[in-house]
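**Q** Take a look at this one; I'll ask things after.
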Number of protein chains: 4
Amino acid sequence: MVAVCDIPIPGKIKLAVKNDDVQKTIVDVNGVKIGGDRVIIMAGPCSVESREQVLEAAIVVKAGGAQILRGGAFKPRTLPYSFQGLGEEGLILLAEARKETGLPIVTEVMDADKVELVASYTDILQIGTRNMQNFPLLKEVGRSDKPVMLKRGMSATINEWLGCAEYILAEGNPNVIMCERGIRTFETITRNTVDISAAPILHAISHLPVIVDPSHGTGSRFLVPPMSKAAIAAGADGVMVEVHPHPEEALCDGAQSLSPEDFKAFIEDIKPIIAATNRRL
Amino acid sequence: MVAVCDIPIPGKIKLAVKNDDVQKTIVDVNGVKIGGDRVIIMAGPCSVESREQVLEAAIVVKAGGAQILRGGAFKPRTLPYSFQGLGEEGLILLAEARKETGLPIVTEVMDADKVELVASYTDILQIGTRNMQNFPLLKEVGRSDKPVMLKRGMSATINEWLGCAEYILAEGNPNVIMCERGIRTFETITRNTVDISAAPILHAISHLPVIVDPSHGTGSRFLVPPMSKAAIAAGADGVMVEVHPHPEEALCDGAQSLSPEDFKAFIEDIKPIIAATNRRL
Amino acid sequence: MVAVCDIPIPGKIKLAVKNDDVQKTIVDVNGVKIGGDRVIIMAGPCSVESREQVLEAAIVVKAGGAQILRGGAFKPRTLPYSFQGLGEEGLILLAEARKETGLPIVTEVMDADKVELVASYTDILQIGTRNMQNFPLLKEVGRSDKPVMLKRGMSATINEWLGCAEYILAEGNPNVIMCERGIRTFETITRNTVDISAAPILHAISHLPVIVDPSHGTGSRFLVPPMSKAAIAAGADGVMVEVHPHPEEALCDGAQSLSPEDFKAFIEDIKPIIAATNRRL
Amino acid sequence: MVAVCDIPIPGKIKLAVKNDDVQKTIVDVNGVKIGGDRVIIMAGPCSVESREQVLEAAIVVKAGGAQILRGGAFKPRTLPYSFQGLGEEGLILLAEARKETGLPIVTEVMDADKVELVASYTDILQIGTRNMQNFPLLKEVGRSDKPVMLKRGMSATINEWLGCAEYILAEGNPNVIMCERGIRTFETITRNTVDISAAPILHAISHLPVIVDPSHGTGSRFLVPPMSKAAIAAGADGVMVEVHPHPEEALCDGAQSLSPEDFKAFIEDIKPIIAATNRRL
């Protein structure tokens with residue numbers, strides 16, 4: 001293995017970087033271990049739209065091999081008139097889907113005020129890209145006993161992102177999962193540019209597990225499989241992908257969602273790469 | 001005047017764009033009118049550090065010609081270990097400085113929870129660049145009766161920024177001030193790249209006033225005067241600049257702060273440009 | 001004046017930075033002095049299309065107050081099937097327009113091989129943004145006795161740009177003019193983001209004159225006047241703007257070209273700003 | 001396989017996109033087929049420094065499994081005072097290394113004038129990132145009978161890059177290889193951000209083979225293996241990596257060069273991923 005790395009890390013980042021106490025964090029989510037020798041697939045719809053939709057999606061992704069169900073109840077939207085998510089009702093439906101399938105849930109929390117509520121339903125608290133530097137929110141999830149998945153800000157450097165993980169860790173929550181979801185560049189074919197190098201860089205300097213989200217990162221369904229394979233080959237601890245029972249009817253981000261058939265094909269597609277990295281699903 | 005503008009605006013932005021009801025919003029802050037025929041200078045320290053510091057700064061900027069006092073009580077910082085501001089104590093000191101000088105105050109609020117508290121002291125609620133898309137916070141300030149200054153997200157497009165203004169306006173608060181503070185680019189000499197074109201673009205498509213912040217945008221004291229002149233020449237309704245009684249001792253952003261002498265020279269420097277745009281201080 | 005500047009300049013840049021020998025270069029182009037107390041207006045069509053068009057444009061810009069005529073004979077185009085310019089015929093027409101109006105000419109050279117040819121017609125050799133780091137071309141114009149206007153690469157840092165000026169200066173040509181023309185960012189309303197701060201930064205660290213091109217930088221006609229005013233207020237030594245007798249018929253970049261009437265209004269618009277900087281047209 | 005792709009391609013790009021005549025181009029370089037079922041490794045030093053260095057590097061990369069030898073004779077450098085390459089002497093040494101090892105050569109040509117000279121020695125003409133839109137150069141290599149490897153401009157969109165391939169193809173040279181080498185972003189840990197998605201995007205819309213260069217793209221040796229694996233997993237037709245017999249003594253880009261031992265480990269590292277994509281070295 002080529003092992004030379006002298007990346008400059010801001011001296012004040014103490015907890016998020018590798019140190020004598022911890023070389024690699026494995027986050028245990030109801031028995032699903034993120035950061036170990038299994039590649040984690042988080043899958044599900046962009047937003048929870050109805051009981052039928054989320055249950056169907058949950059069953060599909062469970063059958064396909066996903067270990068964690070994703071779904072948004074509180075949705076950050078560019079405009080106030082767009083569908084903003086079902087709120088607590090969405091959380092209730094996600095919990096129902098968990099009961100049905102046994103899959104732990106990851107869902108976004110957008111407001112420090114709502115951390116207790118969301119944490120009472122979900123298994124992983126997700127901090128979205130727009131809130132990466134919402135420091136009161138970071139502190140609040142840092143005081144929660146639920147693991148936190150911290151998405152990279154759309155235009156955040158890796159060091160700034162680590163600084164945000166530090167906020168959570170400093171409050172006493174050791175279970176932070178980093179999620180690369182694409183950075184803003186001038187390219188227009190893709191919605192963002194997925195920075196695959198974030199995975200090996202974080203693994204070199206930090207002990208935190210790294211998930212890659214090619215659905216939001218690229219904005220295009222056909223790029224989800226190759227970019228997932230790239231992420232896994234580069235050592236990412238898992239990928240998060242959008243799956244919708246009927247992508248063409250999705251209230252949000254249909255163009256990047258995999259159909260149930262797509263998802264099945266997707267899992268078959270990534271299996272050899274997972275095996276090539278000496279890991280398993 | 002060259003007047004051709006067919007910029008594509010997302011169809012759903014209704015309130016933030018020019019319309020039959022309103023062509024130009026003038027925000028009245030305790031008698032200081034932002035968006036009219038006076039160029040507004042907001043000045044003061046990055047963060048409130050002590051009674052002495054903020055009073056000294058307030059007196060200096062008042063004497064120099066500033067119409068509004070800026071100062072941070074709640075500071076968003078990249079790392080949890082950096083000075084986070086004095087909190088409510090800082091607000092109390094700002095209110096004292098207002099009493100002393102008569103200058104209205106603008107200060108940042110970072111958390112929906114704190115809007116009521118901050119609004120009870122300040123005259124303008126500032127939304128910082130990291131919170132531009134903190135939608136719960138936008139909704140909350142939209143329900144306040146205090147004007148809101150909305151800073152552009154570091155990597156937000158102008159249309160996304162207008163979408164955030166729409167969130168505030170849609171809650172019933174008509175007094176939104178846009179603040180360009182530099183966007184993230186590859187250039188490293190400046191902290192960010194101040195997008196001066198944001199001012200004429202917003203003036204062409206929106207009725208909201210536009211302030212430019214060259215201190216945060218460039219990160220360098222010597223660029224504050226030329227970039228302020230550029231902003232004013234391009235039609236910005238005002239500028240926000242950092243002034244510290246002793247920049248070399250500042251707890252935050254000293255390298256971009258003007259000293260009292262600098263500020264005095266700065267005002268003299270911009271006066272001819274203000275006059276050339278048929279406006280006055 | 002606020003005068004603090006400690007920008008890090010690569011140690012090896014010797015000739016393009018201020019030094020004991022030279023604090024400010026004034027480039028003399030047939031008597032038109034660039035870098036002194038006059039603000040220079042370079043104006044004309046994006047590309048030379050016909051004798052009639054270039055002569056009409058030349059007369060219009062001369063009457064309006066421009067001191068230099070711009071026009072492209074060799075055009076770099078994104079696709080091979082787009083109009084590539086008239087080549088030497090375009091140079092001949094430009095020379096004719098100079099004879100008619102007395103205006104010196106600036107035109108682009110794209111190929112080291114063509115430097116001698118282009119230099120035999122033009123008064124300033126322009127290096128376009130796509131060729132900023134075409135080092136053989138830089139060396140060749142460095143050996144010419146004609147002044148060179150070096151456009152900033154679309155995604156070049158200021159230090160890289162200065163490195164390219166150094167290539168020209170190192171070959172013995174002291175007459176280099178820097179031209180900021182917008183950098184590539186994520187914003188989509190404008191074609192590029194004009195980095196106005198490049199002007200005061202270059203003036204702080206380099207002795208070379210700086211021109212700003214808001215036509216290419218913004219891609220929108222209505223932004224040319226405010227961005228020109230911004231550039232001049234920030235200290236730029238001049239602006240380069242596109243003027244076409246009939247913008248709606250332009251073979252190239254019509255949407256950003258000023259009509260003759262626009263140009264007249266434009267000149268009136270910028271005059272007060274020029275005066276406010278203690279300079280004249 | 002998830003196969004949905006409706007990327008907008010400029011209508012005028014005809015030859016570089018998939019069409020009835022050609023679905024996938026396989027470029028044959030002295031029997032080495034690029035774009036087929038073998039993953040191509042191009043390896044060698046950034047620049048040719050001496051006979052000993054290039055021969056040693058050639059032998060090392062040949063032994064390791066590389067199919068093509070890279071090495072720069074004409075080097076584009078940010079400053080005129082940096083080592084500019086050995087010029088024709090470097091080409092002679094590369095040809096000697098080919099004779100010694102049988103490996104075809106790829107080397108950069110920077111000037112239309114030098115295409116004939118460089119083509120007389122090399123097997124693939126490389127167009128560097130700074131010259132992607134040097135149109136006279138593109139036309140000249142389009143008239144050569146040697147294959148051309150076209151590096152993506154540092155801040156070029158994929159459509160602009162395809163437009164440049166079109167220039168070469170339109171002159172009659174069908175053997176164009178695309179090379180992703182990282183795009184300019186705000187991230188500072190890596191020199192550039194390698195856009196892995198460029199490989200599957202090009203494969204979806206174009207018939208041209210795609211090589212990824214993680215050495216220049218990341219600037220860090222330790223990122224070469226994971227980013228190579230990512231590229232191969234995403235379907236890239238090969239990778240180009242820098243190998244230097246003594247990286248610590250390299251005149252150029254030592255920090256990103258693999259040592260002979262690194263290269264050996266690198267090849268072992270990527271083999272399972274290559275196998276997982278049903279291809280071989």
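Each chain of the structure tokens is named A, B, ... in the order shown, its residues numbered from 1; ligands are numbered from 1 in display order.
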Matching every Cα in sequence order between the two identical chains, what are the coordinates of chain A once fitted onto chain B? Write them as a compact mmCIF listing (two decimals) with C-alpha atoms, in the first residue's frame.
**A**
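out-v4.txt written:
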```txt
# COMPACT_ATOMS: atom_id res chain seq x y z
CA MET A 1 -29.06 54.51 -19.48
CA VAL A 2 -28.52 51.10 -21.02
CA ALA A 3 -31.62 49.25 -19.97
CA VAL A 4 -31.92 45.75 -21.27
CA CYS A 5 -32.37 42.92 -18.86
CA ASP A 6 -33.90 39.58 -19.45
CA ILE A 7 -32.48 37.50 -16.68
CA PRO A 8 -34.27 34.19 -16.11
CA ILE A 9 -35.99 34.30 -12.72
CA PRO A 10 -37.61 31.13 -11.37
CA GLY A 11 -41.30 31.57 -11.98
CA LYS A 12 -42.24 30.78 -8.42
CA ILE A 13 -40.39 33.73 -6.93
CA LYS A 14 -43.23 36.20 -6.60
CA LEU A 15 -42.60 38.49 -3.66
CA ALA A 16 -38.88 39.12 -3.91
CA VAL A 17 -39.01 40.21 -7.53
CA LYS A 18 -40.23 43.49 -8.94
CA ASN A 19 -43.95 43.45 -9.43
CA ASP A 20 -46.90 45.72 -10.00
CA ASP A 21 -47.14 46.48 -6.31
CA VAL A 22 -43.56 47.37 -5.59
CA GLN A 23 -40.62 48.56 -7.68
CA LYS A 24 -38.24 49.46 -4.86
CA THR A 25 -38.45 48.74 -1.16
CA ILE A 26 -37.12 51.32 1.24
CA VAL A 27 -36.50 49.82 4.65
CA ASP A 28 -36.93 52.30 7.46
CA VAL A 29 -34.77 51.49 10.48
CA ASN A 30 -35.55 53.98 13.24
CA GLY A 31 -35.59 56.70 10.64
CA VAL A 32 -32.57 55.51 8.67
CA LYS A 33 -33.87 54.71 5.21
CA ILE A 34 -32.12 51.89 3.38
CA GLY A 35 -32.75 51.75 -0.35
CA GLY A 36 -33.35 55.47 -0.97
CA ASP A 37 -31.13 58.34 -1.98
CA ARG A 38 -28.66 57.98 0.84
CA VAL A 39 -25.80 55.53 0.77
CA ILE A 40 -25.82 53.62 4.04
CA ILE A 41 -22.68 52.83 5.98
CA MET A 42 -22.98 50.03 8.51
CA ALA A 43 -19.82 49.90 10.58
CA GLY A 44 -18.48 48.43 13.75
CA PRO A 45 -16.51 45.53 15.14
CA CYS A 46 -16.78 41.95 13.92
CA SER A 47 -17.68 40.86 17.45
CA VAL A 48 -18.58 42.70 20.61
CA GLU A 49 -15.71 42.08 22.99
CA SER A 50 -16.23 44.53 25.86
CA ARG A 51 -18.20 47.64 26.83
CA GLU A 52 -15.17 49.80 26.20
CA GLN A 53 -14.50 48.32 22.77
CA VAL A 54 -18.03 48.58 21.46
CA LEU A 55 -18.62 52.09 22.83
CA GLU A 56 -15.36 53.32 21.41
CA ALA A 57 -16.16 51.75 18.06
CA ALA A 58 -19.69 53.18 18.09
CA ILE A 59 -18.45 56.69 18.78
CA VAL A 60 -15.80 56.41 16.08
CA VAL A 61 -18.16 55.19 13.38
CA LYS A 62 -20.86 57.68 14.37
CA ALA A 63 -18.34 60.51 14.13
CA GLY A 64 -17.13 59.24 10.79
CA GLY A 65 -20.59 59.24 9.30
CA ALA A 66 -21.91 55.69 9.70
CA GLN A 67 -25.67 55.48 10.08
CA ILE A 68 -25.85 51.97 11.52
CA LEU A 69 -23.72 50.13 14.08
CA ARG A 70 -22.78 46.53 13.42
CA GLY A 71 -21.42 44.08 15.98
CA GLY A 72 -21.68 40.36 16.63
CA ALA A 73 -22.94 38.91 19.90
CA PHE A 74 -23.48 35.38 18.61
CA LYS A 75 -20.58 34.39 16.37
CA PRO A 76 -20.56 31.43 13.99
CA ARG A 77 -17.04 30.04 14.17
CA THR A 78 -15.40 27.27 12.20
CA LEU A 79 -14.27 25.51 15.35
CA PRO A 80 -16.03 25.02 18.68
CA TYR A 81 -12.99 26.22 20.61
CA SER A 82 -12.92 29.70 19.05
CA PHE A 83 -14.49 32.70 20.78
CA GLN A 84 -18.24 32.31 20.21
CA GLY A 85 -19.31 35.82 21.14
CA LEU A 86 -20.62 37.31 24.38
CA GLY A 87 -24.21 36.23 23.74
CA GLU A 88 -26.90 38.25 25.50
CA GLU A 89 -24.28 40.31 27.27
CA GLY A 90 -23.10 41.43 23.85
CA LEU A 91 -26.65 42.43 22.95
CA ILE A 92 -26.90 44.52 26.12
CA LEU A 93 -23.66 46.30 25.25
CA LEU A 94 -24.86 46.97 21.72
CA ALA A 95 -28.07 48.48 23.11
CA GLU A 96 -25.98 50.65 25.37
CA ALA A 97 -23.92 51.81 22.40
CA ARG A 98 -27.13 52.66 20.57
CA LYS A 99 -28.32 54.68 23.55
CA GLU A 100 -25.01 56.51 23.61
CA THR A 101 -24.82 57.29 19.90
CA GLY A 102 -28.33 57.00 18.55
CA LEU A 103 -27.14 54.53 15.92
CA PRO A 104 -29.51 51.67 15.12
CA ILE A 105 -27.96 48.23 15.51
CA VAL A 106 -27.57 45.25 13.21
CA THR A 107 -26.50 41.94 14.73
CA GLU A 108 -26.65 38.30 13.75
CA VAL A 109 -29.13 35.72 14.96
CA MET A 110 -28.13 32.10 14.39
CA ASP A 111 -31.01 30.16 15.83
CA ALA A 112 -34.78 30.29 15.41
CA ASP A 113 -35.02 29.94 19.18
CA LYS A 114 -33.12 33.14 19.75
CA VAL A 115 -35.00 35.38 17.32
CA GLU A 116 -37.26 36.82 20.01
CA LEU A 117 -34.34 37.50 22.31
CA VAL A 118 -32.16 39.13 19.65
CA ALA A 119 -35.10 41.09 18.25
CA SER A 120 -35.74 42.55 21.68
CA TYR A 121 -32.36 44.31 21.48
CA THR A 122 -31.50 44.85 17.84
CA ASP A 123 -32.93 47.03 15.09
CA ILE A 124 -31.99 44.73 12.20
CA LEU A 125 -31.77 40.95 12.43
CA GLN A 126 -28.85 39.67 10.40
CA ILE A 127 -28.90 36.21 8.83
CA GLY A 128 -25.33 35.10 8.26
CA THR A 129 -23.92 33.45 5.16
CA ARG A 130 -23.84 29.98 6.79
CA ASN A 131 -27.53 30.24 7.66
CA MET A 132 -28.84 31.60 4.38
CA GLN A 133 -30.72 28.35 3.81
CA ASN A 134 -31.59 27.68 7.45
CA PHE A 135 -35.26 27.65 6.58
CA PRO A 136 -36.73 27.41 10.10
CA LEU A 137 -34.68 30.49 10.99
CA LEU A 138 -35.84 32.32 7.86
CA LYS A 139 -39.45 31.57 8.69
CA GLU A 140 -38.97 32.77 12.25
CA VAL A 141 -37.44 36.12 11.27
CA GLY A 142 -40.21 36.35 8.70
CA ARG A 143 -42.62 36.47 11.60
CA SER A 144 -40.65 39.18 13.41
CA ASP A 145 -41.46 42.87 13.08
CA LYS A 146 -37.80 43.77 12.77
CA PRO A 147 -36.11 44.26 9.38
CA VAL A 148 -33.89 41.41 8.26
CA MET A 149 -30.54 41.63 6.50
CA LEU A 150 -30.00 38.41 4.55
CA LYS A 151 -26.41 37.67 3.69
CA ARG A 152 -25.73 35.69 0.55
CA GLY A 153 -24.63 32.12 1.12
CA MET A 154 -20.98 31.69 0.34
CA SER A 155 -21.80 29.54 -2.63
CA ALA A 156 -25.38 30.51 -3.33
CA THR A 157 -26.59 31.58 -6.72
CA ILE A 158 -28.52 34.81 -6.87
CA ASN A 159 -31.71 32.89 -7.57
CA GLU A 160 -31.24 30.71 -4.50
CA TRP A 161 -30.62 33.83 -2.46
CA LEU A 162 -33.82 35.39 -3.75
CA GLY A 163 -35.60 32.16 -2.82
CA CYS A 164 -34.47 32.71 0.78
CA ALA A 165 -35.72 36.29 0.74
CA GLU A 166 -38.99 34.82 -0.50
CA TYR A 167 -39.17 32.65 2.64
CA ILE A 168 -38.99 35.75 4.84
CA LEU A 169 -41.38 37.81 2.75
CA ALA A 170 -43.87 34.94 2.55
CA GLU A 171 -44.18 34.98 6.33
CA GLY A 172 -45.26 38.59 6.22
CA ASN A 173 -42.08 40.56 6.89
CA PRO A 174 -41.64 43.01 3.98
CA ASN A 175 -38.38 44.52 5.24
CA VAL A 176 -35.64 42.43 3.75
CA ILE A 177 -32.20 43.81 2.92
CA MET A 178 -29.89 41.73 0.74
CA CYS A 179 -26.18 41.65 1.60
CA GLU A 180 -23.53 40.47 -0.86
CA ARG A 181 -20.49 39.27 1.10
CA GLY A 182 -18.37 37.44 -1.41
CA ILE A 183 -18.66 34.03 -2.97
CA ARG A 184 -16.34 31.11 -2.77
CA THR A 185 -13.98 30.74 -5.72
CA PHE A 186 -10.54 29.28 -6.39
CA GLU A 187 -8.75 32.61 -5.84
CA THR A 188 -6.63 32.54 -2.70
CA ILE A 189 -5.38 36.11 -2.30
CA THR A 190 -8.85 37.18 -1.22
CA ARG A 191 -10.88 35.20 1.30
CA ASN A 192 -13.81 35.24 -1.13
CA THR A 193 -14.59 36.97 -4.41
CA VAL A 194 -16.97 39.89 -3.95
CA ASP A 195 -19.55 39.62 -6.72
CA ILE A 196 -20.20 43.28 -7.39
CA SER A 197 -22.57 42.36 -10.22
CA ALA A 198 -25.01 41.07 -7.61
CA ALA A 199 -25.99 44.67 -6.86
CA PRO A 200 -27.09 45.71 -10.37
CA ILE A 201 -28.61 42.29 -11.01
CA LEU A 202 -30.74 42.42 -7.88
CA HIS A 203 -31.71 45.99 -8.67
CA ALA A 204 -32.80 44.87 -12.12
CA ILE A 205 -34.97 41.99 -11.01
CA SER A 206 -35.83 42.66 -7.37
CA HIS A 207 -37.18 45.59 -5.35
CA LEU A 208 -35.05 44.84 -2.31
CA PRO A 209 -32.15 47.06 -1.22
CA VAL A 210 -28.62 45.69 -1.52
CA ILE A 211 -25.70 46.17 0.85
CA VAL A 212 -22.17 44.98 0.06
CA ASP A 213 -19.74 43.75 2.73
CA PRO A 214 -16.18 44.09 1.40
CA SER A 215 -14.59 43.33 4.78
CA HIS A 216 -15.73 39.73 4.97
CA GLY A 217 -15.73 39.43 1.20
CA THR A 218 -12.06 40.23 0.72
CA GLY A 219 -10.57 39.57 4.16
CA SER A 220 -8.07 42.41 3.62
CA ARG A 221 -8.25 45.88 5.06
CA PHE A 222 -6.62 47.58 2.06
CA LEU A 223 -9.33 46.25 -0.25
CA VAL A 224 -12.19 47.71 1.77
CA PRO A 225 -12.02 51.23 0.27
CA PRO A 226 -11.70 50.30 -3.42
CA MET A 227 -14.32 47.56 -3.18
CA SER A 228 -16.69 49.88 -1.31
CA LYS A 229 -16.26 52.45 -4.06
CA ALA A 230 -16.91 49.77 -6.65
CA ALA A 231 -20.07 48.67 -4.86
CA ILE A 232 -21.40 52.20 -4.54
CA ALA A 233 -20.56 53.03 -8.15
CA ALA A 234 -22.45 49.92 -9.24
CA GLY A 235 -25.47 51.16 -7.35
CA ALA A 236 -25.34 49.29 -4.04
CA ASP A 237 -27.53 50.93 -1.39
CA GLY A 238 -24.73 50.82 1.13
CA VAL A 239 -21.73 48.99 2.48
CA MET A 240 -20.99 47.21 5.71
CA VAL A 241 -17.43 47.51 6.98
CA GLU A 242 -15.59 46.31 10.03
CA VAL A 243 -14.07 48.92 12.30
CA HIS A 244 -12.21 48.08 15.46
CA PRO A 245 -10.65 50.57 17.89
CA HIS A 246 -7.53 48.40 17.94
CA PRO A 247 -7.54 45.97 14.99
CA GLU A 248 -4.32 44.35 16.11
CA GLU A 249 -6.04 43.21 19.33
CA ALA A 250 -9.30 42.02 17.73
CA LEU A 251 -10.51 38.59 18.84
CA CYS A 252 -11.81 37.99 15.34
CA ASP A 253 -11.00 39.19 11.82
CA GLY A 254 -8.49 41.85 12.80
CA ALA A 255 -6.76 41.71 9.42
CA GLN A 256 -9.82 43.06 7.68
CA SER A 257 -10.83 45.66 10.27
CA LEU A 258 -10.29 49.36 9.72
CA SER A 259 -8.75 51.37 12.54
CA PRO A 260 -10.48 54.62 13.58
CA GLU A 261 -8.02 56.55 11.41
CA ASP A 262 -8.58 54.18 8.51
CA PHE A 263 -12.33 54.66 8.85
CA LYS A 264 -12.05 58.42 8.73
CA ALA A 265 -9.91 58.20 5.60
CA PHE A 266 -12.30 55.65 4.17
CA ILE A 267 -15.29 57.97 4.46
CA GLU A 268 -13.41 60.78 2.75
CA ASP A 269 -12.38 58.34 0.06
CA ILE A 270 -15.89 57.21 -0.81
CA LYS A 271 -17.60 60.61 -0.67
CA PRO A 272 -16.80 61.66 -4.25
CA ILE A 273 -18.09 58.35 -5.58
CA ILE A 274 -21.31 58.72 -3.61
CA ALA A 275 -21.73 62.21 -5.04
CA ALA A 276 -21.05 60.89 -8.53
CA THR A 277 -24.03 58.56 -8.15
CA ASN A 278 -26.27 61.51 -7.22
CA ARG A 279 -26.64 60.30 -3.67
CA ARG A 280 -25.37 61.43 -0.31
CA LEU A 281 -24.15 59.84 2.88
```
**Q** Select from region 28-91 of chain A everything DSSP, run on the backbone, classes as strand (DSSP E), then give the selection as a list in words.
**A**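 Filtering region 28-91 of chain A down to strand (DSSP E) leaves Asp28, Val29, Val32, Lys33, Ile34, Ile40, Ile41, Met42, Ala43, Gly44, Ile68, Leu69 and Arg70 of chain A.
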